[in-house]
Amino acid sequence: MATASGNEPLFVERFPDEAAVARANLLVAFVALGIGAFFGLVQALHRTDILRIIDSADYYTLLTGHGVLLAIVFTIFGLAAFFHWATARSLDQPAVSSLFSWAWFGLMTTGSVLASVAILGGLVPSLGISADVLFTFYAPLQAHPIFYIGLAMFIVGTWLSGADWFLSYRAWREDNPNERIPLQAFMVLTTMIMWYIATVGVAVSVVFFLIPWSLGLIESVNPLLTRTLFWFFGHPIVYFWLMPAYMMWYTVLPKLAGGRLFSDPLARVVFLLFLLLSTPVGIHHQYLDPGIAEGFKFIAMTNTMFLLLPSLLTAFTAVASIEHGARQRGGEGYLSWLGALPWRDPAFAGMAFAGLIFAAGGFSGMINAGMNINYLIHNSLWVPGHFHMTVGTAVALTFMAAAYWLVPQLTGTKLYSRPIGLLQVVLWFVGMVFMSNAMHRAGLAGIPRRTAEPQYQNFDFVTPIGSIFELRVQIAFGGLLLFLSVVLFLFNMLLTAFGEKSERPVDEYLPEPLSGPEGSPRVLDNLGLWTGIAVVLVILAYTLPIAGIIQNGGGLFGGGLPVPVTVFPDVEIVKTVLAGAFAALAGVLL
Amino acid sequence: MRFTKAQALILIAFSIPVAIELRTVAGFFNYDLPLIGVVVIEFLFLALLFVLYGLYGEKSTPAAQ
Amino acid sequence: MEIHAYEKLWLALALVLIVGFIGTITYGAAGAGIEMIDDKGGTVDPATLDDHPKFGDPGIEKTGENSYDVYLVARQFVFEPGTSEPLRVPEGSTVTFHVTAADVIHGFDVVGTNANTMAIPGQVAEFTVRFEEQGEYGIVCNEYCGSGHHVMEGSIVVMEQSEFDSWYAEQNQEGEN
């Protein structure tokens with residue numbers, strides 16, 4: 001069936017402008033990946049006391065750089081590249097204006113450069129510019145204004161990129177009034193709607209509070225308010241990282257495995273569930289924050305638990321599609337079909353590893369989500385252990401694996417080396433197993449995250465199995481393997497980009513799903529309806545906590561006199577839990 | 001079905017998390033497995049894999065199969 | 001819309017898992033009475049913390065037969081009390097902590113336990129801990145708070161009751177002089 005593609009010209013030939021924009025986005029993403037990974041290596045060796053080339057005070061500058069460059073720049077430029085490709089491919093038409101595409105790319109890049117300058121300025125004290133505030137930039141820790149301004153420009157750039165894809169969709173809709181939205185375009189659009197809702201929080205925080213405050217226009221900020229607004233955006237950003245990876249797992253992985261996607265409608269349901277439930281959960285990062293009533297935390301937890309559902313459904317679909325592919329390739333038996341999979345292909349092997357690690361990361365995430373056990377691991381090294389499995393592998397490794405398949409379509413050149421690619425994804429898997437396993441254990445022993453020193457004066461950490469020293473070595477060794485893996489990846493990409501042109505560098509045909517969208521209710525494609533429900537859920541989950549924080553915590557800008565107002569959430573809990581459950585169930589049953 | 005180099009590499013990769021968690025598993029049975037024990041077990045596994053690859057691997061002669 | 005039988009089963013199991021998680025935690029909160037950090041600690045003005053009747057002179061005070069209140073301030077890069085001198089509590093006591101921050105957001109974590117909270121300027125975290133046995137515990141700041149974050153630590157010493165009582169009496173005497 002994969003041969004049905006035969007005569008179709010390459011993506012880069014059909015859509016040269018879109019391929020160029022996607023390449024530019026990937027270039028920025030990979031530069032950020034290289035720098036961020038290097039910082040990561042320095043940190044892994046520093047905090048384990050294996051090798052120290054910086055001062056402990058500078059550790060936090062590198063940590064800020066590592067977080068921002070990898071979790072924001074690498075992931076979101078990667079997303080922009082994939083989505084730009086997917087929109088043009090699935091709607092089978094170019095963007096409305098390539099000038100507009102370059103405009104949002106330029107704005108996002110300028111913003112990233114400004115923020116990076118502010119961060120790296122921290123290494124050169126004489127500059128007087130620094131932003132040692134980490135990826136979460138909790139006020140009252142203050143960064144130089146250009147950090148916040150760069151961030152705001154970057155966010156506006158992402159908004160415009162979404163507008164670009166919506167304009168493409170509108171143009172397509174005019175020509176195809178009765179068609180179902182093609183699956184990849186559907187994924188792009190729902191993800192961007194989620195992003196528009198989610199970024200309201202960070203935009204308000206940065207534009208109304210942090211920029212005026214860093215410029216000295218206002219005296220102070222309300223730390224709990226800006227923190228809550230950060231997490232309003234800070235959790236859905238997790239799904240913004242994940243959705244392009246999910247898009248690859250749904251639409252590309254089954255093909256790489258030798259088969260096709262199981263069900264188009266269920267893929268739509270999964271993306272709609274993420275649209276509905278991604279934002280009203282941010283308070284689960286604040287289980288330990290004073291000033292937020294327990295009821296609100298409970299609402300966030302309930303929504304979070306229901307958010308497991310789309311990921312569990314994805315796990316099913318991914319495994320089922322892979323198995324289907326293996327059987328198409330002649331695989332048999334209960335387990336021996338695994339041997340029939342194309343393990344030689346780094347794009348397939350990388351995504352399979354990413355999915356496997358994501359399963360482990362999902363389980364540690366369930367621990368994080370539990371309101372009461374969270375107390376044991378909150379802000380311990382467990383947490384970075386968790387998100388290096390999720391964003392650091394499920395997303396990053398999927399992006400790298402997808403690049404092995406996608407970049408040749410964007411450049412028209414053959415992948416430089418498949419064996420090196422395979423070695424690279426294996427190194428990432430092994431390195432991440434070493435590092436995140438040790439981080440989880442260290443977290444259980446009470447070792448905090450985000451600290452430059454391995455040991456304290458007043459007490460020792462103890463671990464039930466092995467020793468703390470072994471865990472440190474494991475973290476450093478894992479970090480080293482991960483860095484080597486990034487180096488191999490970047491060289492492979494560089495040599496691919498400058499390689500010889502090829503007629504058919506890769507088989508880019510994507511087969512239709514086993515069950516297509518025809519049988520599914522049309523309401524799934526009613527984006528306006530789902531946006532409305534998502535907004536209502538966000539209003540239910542956030543209005544009262546934010547009102548409470550402003551009233552109890554001394555007003556919008558902090559520092560004022562406290563006004564004792566108690567908000568009783570009891571009735572609202574019931575309503576929101578019911579609404580969340582209903583929405584989840586409705587999505588599933590339709 | 002022939003045993004490919006890629007499959008061998010994948011099996012080695014999958015053996016790492018199992019090896020790392022061996023001590024936890026032993027801990028459930030109240031057995032304190034030393035680090036060197038884990039190293040030996042992993043080494044034995046790799047040796048077995050090499051032998052199997054030699055016998056059934058893609059470069060082996062048909063006679064050996 | 002067609003859903004495969006196995007997928008329906010999987011979906012049902014996933015829902016059972018989710019409802020089960022929520023159920024155990026609801027039971028933990030409502031049935032077993034596991035206390036969580038919330039808004040009951042109230043608020044405080046960080047700008048005038050030094051004049052506050054309690055946080056102006058943080059430390060431990062006796063409130064009942066076997067119960068105590070601890071007022072604790074986290075600031076770059078010390079816990080008061082905790083860092084320059086340990087926080088002393090008697091064994092077998094029930095201690096209600098009131099933790100706030102003077103400058104930026106800090107963390108307060110008794111190492112290896114689930115006594116763990118954020119310390120946010122303007123907010124007071126209130127939670128209760130029982131100290132059963134004598135011994136020494138570490139306190140660590142687990143939220144990045146600036147370039148000296150890694151030196152921000154302290155300790156809690158759980159003392160024998162009579163030893164604690166004489167120390168406590170001495171303290172109060174000094175306070176009056």
# chains A, B, ... in the order shown; residues from 1 in each chain; ligands from 1

$ residues_around --residues "region 144-156 of chain C" --least-positions-apart "6" --cutoff "7 Å" --atoms "only C-alpha atoms" --output "NGL selection string"
(:A and (57 or 60 or 450-453 or 458)) or (:C and (76-79 or 82-83 or 86-88 or 104-106 or 136-138))

$ residues_around --residues "Met247 (chain A)" --least-positions-apart "5" --cutoff "12 Å" --atoms "only C-alpha atoms" --output "PyMOL selection string"
chain A and resi 79+82-83+85-87+183-191+239-242+252-254+261+264+267-268+270-271+314+318+351+395+398-399+402

$ residues_around --residues "Phe14 (chain B)" --least-positions-apart "6" --cutoff "12 Å" --atoms "only C-alpha atoms" --output "PyMOL selection string"
(chain A and resi 349+352-353+356-357+426-427+429-431+433-434) or (chain B and resi 7-8+20-21+42+45-46)

$ write_last_selection --atoms "C-alpha atoms" --output "PDB file, in the first residue's frame"
ATOM      1  CA  ALA A 349      12.751   3.218  16.515  1.00  0.00           C
ATOM      2  CA  ALA A 352       8.801   3.707  19.638  1.00  0.00           C
ATOM      3  CA  PHE A 353      11.385   4.499  22.333  1.00  0.00           C
ATOM      4  CA  LEU A 356       7.813   3.636  25.814  1.00  0.00           C
ATOM      5  CA  ILE A 357       9.508   6.277  27.962  1.00  0.00           C
ATOM      6  CA  VAL A 426      19.318   4.298  21.216  1.00  0.00           C
ATOM      7  CA  LEU A 427      21.819   6.536  23.028  1.00  0.00           C
ATOM      8  CA  PHE A 429      16.897   6.098  25.303  1.00  0.00           C
ATOM      9  CA  VAL A 430      19.733   4.593  27.345  1.00  0.00           C
ATOM     10  CA  GLY A 431      20.967   7.977  28.558  1.00  0.00           C
ATOM     11  CA  VAL A 433      16.893   5.708  31.397  1.00  0.00           C
ATOM     12  CA  PHE A 434      20.053   6.252  33.433  1.00  0.00           C
TER      13      PHE A 434
ATOM     14  CA  GLN B   7      17.408  -5.832  16.648  1.00  0.00           C
ATOM     15  CA  ALA B   8      20.469  -6.673  18.737  1.00  0.00           C
ATOM     16  CA  ILE B  20      18.802  -0.750  36.616  1.00  0.00           C
ATOM     17  CA  GLU B  21      15.624  -1.845  38.316  1.00  0.00           C
ATOM     18  CA  GLU B  42      23.930  -7.532  32.474  1.00  0.00           C
ATOM     19  CA  PHE B  45      22.986 -11.091  29.041  1.00  0.00           C
ATOM     20  CA  LEU B  46      25.247  -9.252  26.607  1.00  0.00           C
TER      21      LEU B  46
END

$ atom_distance --atom1 "CA of Glu13 (chain A)" --atom2 "CA of Ile181 (chain A)"
24.0 Å

$ closest_atom_pairs --of "chain B" --to "chain A" --cutoff "10 Å" --atoms "only C-alpha atoms" --output "CSV"
residue,atom,partner,partner_atom,distance
B:Met1,CA,A:Ala340,CA,8.6
B:Arg2,CA,A:Gly339,CA,9.6
B:Phe3,CA,A:Gly339,CA,8.8
B:Thr4,CA,A:Arg344,CA,8.5
B:Lys5,CA,A:Arg344,CA,8.2
B:Ala6,CA,A:Arg344,CA,5.2
B:Gln7,CA,A:Trp343,CA,6.3
B:Ala8,CA,A:Trp343,CA,9.7
B:Leu9,CA,A:Val426,CA,7.7
B:Ile10,CA,A:Val426,CA,7.1
B:Ile12,CA,A:Val426,CA,9.1
B:Ala13,CA,A:Val430,CA,6.0
B:Phe14,CA,A:Val430,CA,8.1
B:Ser15,CA,A:Val430,CA,9.4
B:Ile16,CA,A:Val430,CA,6.7
B:Pro17,CA,A:Val433,CA,6.1
B:Val18,CA,A:Val433,CA,9.9
B:Ile20,CA,A:Phe434,CA,7.8
B:Glu21,CA,A:Asn437,CA,8.7
B:Arg23,CA,A:Ile465,CA,7.1
B:Thr24,CA,A:Ile465,CA,7.1
B:Ala26,CA,A:Ile465,CA,10.0
B:Gly27,CA,A:Ile465,CA,7.7
B:Asp32,CA,A:Ile465,CA,8.1
B:Leu33,CA,A:Ile465,CA,9.0
B:Pro34,CA,A:Gly466,CA,7.9
B:Leu35,CA,A:Gly466,CA,7.4

$ residues_around --residues "Ile149 (chain A)" --least-positions-apart "3" --cutoff "9 Å" --atoms "only C-alpha atoms" --output "ChimeraX atom specification"
/A:111,114-115,145-146,152-154,206-207,211

$ write_last_selection --atoms "N, CA and C atoms" --output "mmCIF file, in the first residue's frame"
data_model
loop_
_atom_site.group_PDB
_atom_site.id
_atom_site.type_symbol
_atom_site.label_atom_id
_atom_site.label_comp_id
_atom_site.auth_asym_id
_atom_site.auth_seq_id
_atom_site.Cartn_x
_atom_site.Cartn_y
_atom_site.Cartn_z
ATOM 1 N N GLY A 111 12.092 37.606 19.322
ATOM 2 C CA GLY A 111 11.758 37.457 20.733
ATOM 3 C C GLY A 111 12.677 36.466 21.426
ATOM 4 N N LEU A 114 16.147 38.019 21.939
ATOM 5 C CA LEU A 114 16.158 38.994 23.039
ATOM 6 C C LEU A 114 16.180 38.283 24.390
ATOM 7 N N ALA A 115 15.303 37.299 24.552
ATOM 8 C CA ALA A 115 15.257 36.596 25.836
ATOM 9 C C ALA A 115 16.583 35.880 26.097
ATOM 10 N N PRO A 145 14.195 43.793 31.731
ATOM 11 C CA PRO A 145 12.962 43.944 30.929
ATOM 12 C C PRO A 145 13.030 43.254 29.569
ATOM 13 N N ILE A 146 14.219 43.196 28.935
ATOM 14 C CA ILE A 146 14.215 42.601 27.582
ATOM 15 C C ILE A 146 13.893 41.107 27.619
ATOM 16 N N ALA A 152 7.221 38.221 25.371
ATOM 17 C CA ALA A 152 5.940 38.703 24.849
ATOM 18 C C ALA A 152 5.947 38.662 23.316
ATOM 19 N N MET A 153 7.078 39.086 22.714
ATOM 20 C CA MET A 153 7.158 39.056 21.249
ATOM 21 C C MET A 153 7.033 37.631 20.732
ATOM 22 N N PHE A 154 7.694 36.720 21.440
ATOM 23 C CA PHE A 154 7.652 35.318 21.036
ATOM 24 C C PHE A 154 6.208 34.802 21.053
ATOM 25 N N VAL A 206 2.678 38.884 31.907
ATOM 26 C CA VAL A 206 3.870 39.564 31.408
ATOM 27 C C VAL A 206 3.564 41.017 31.038
ATOM 28 N N VAL A 207 2.453 41.234 30.322
ATOM 29 C CA VAL A 207 2.198 42.579 29.798
ATOM 30 C C VAL A 207 1.703 43.527 30.884
ATOM 31 N N ILE A 211 6.304 43.317 32.861
ATOM 32 C CA ILE A 211 7.027 44.333 32.091
ATOM 33 C C ILE A 211 6.965 45.691 32.808
#
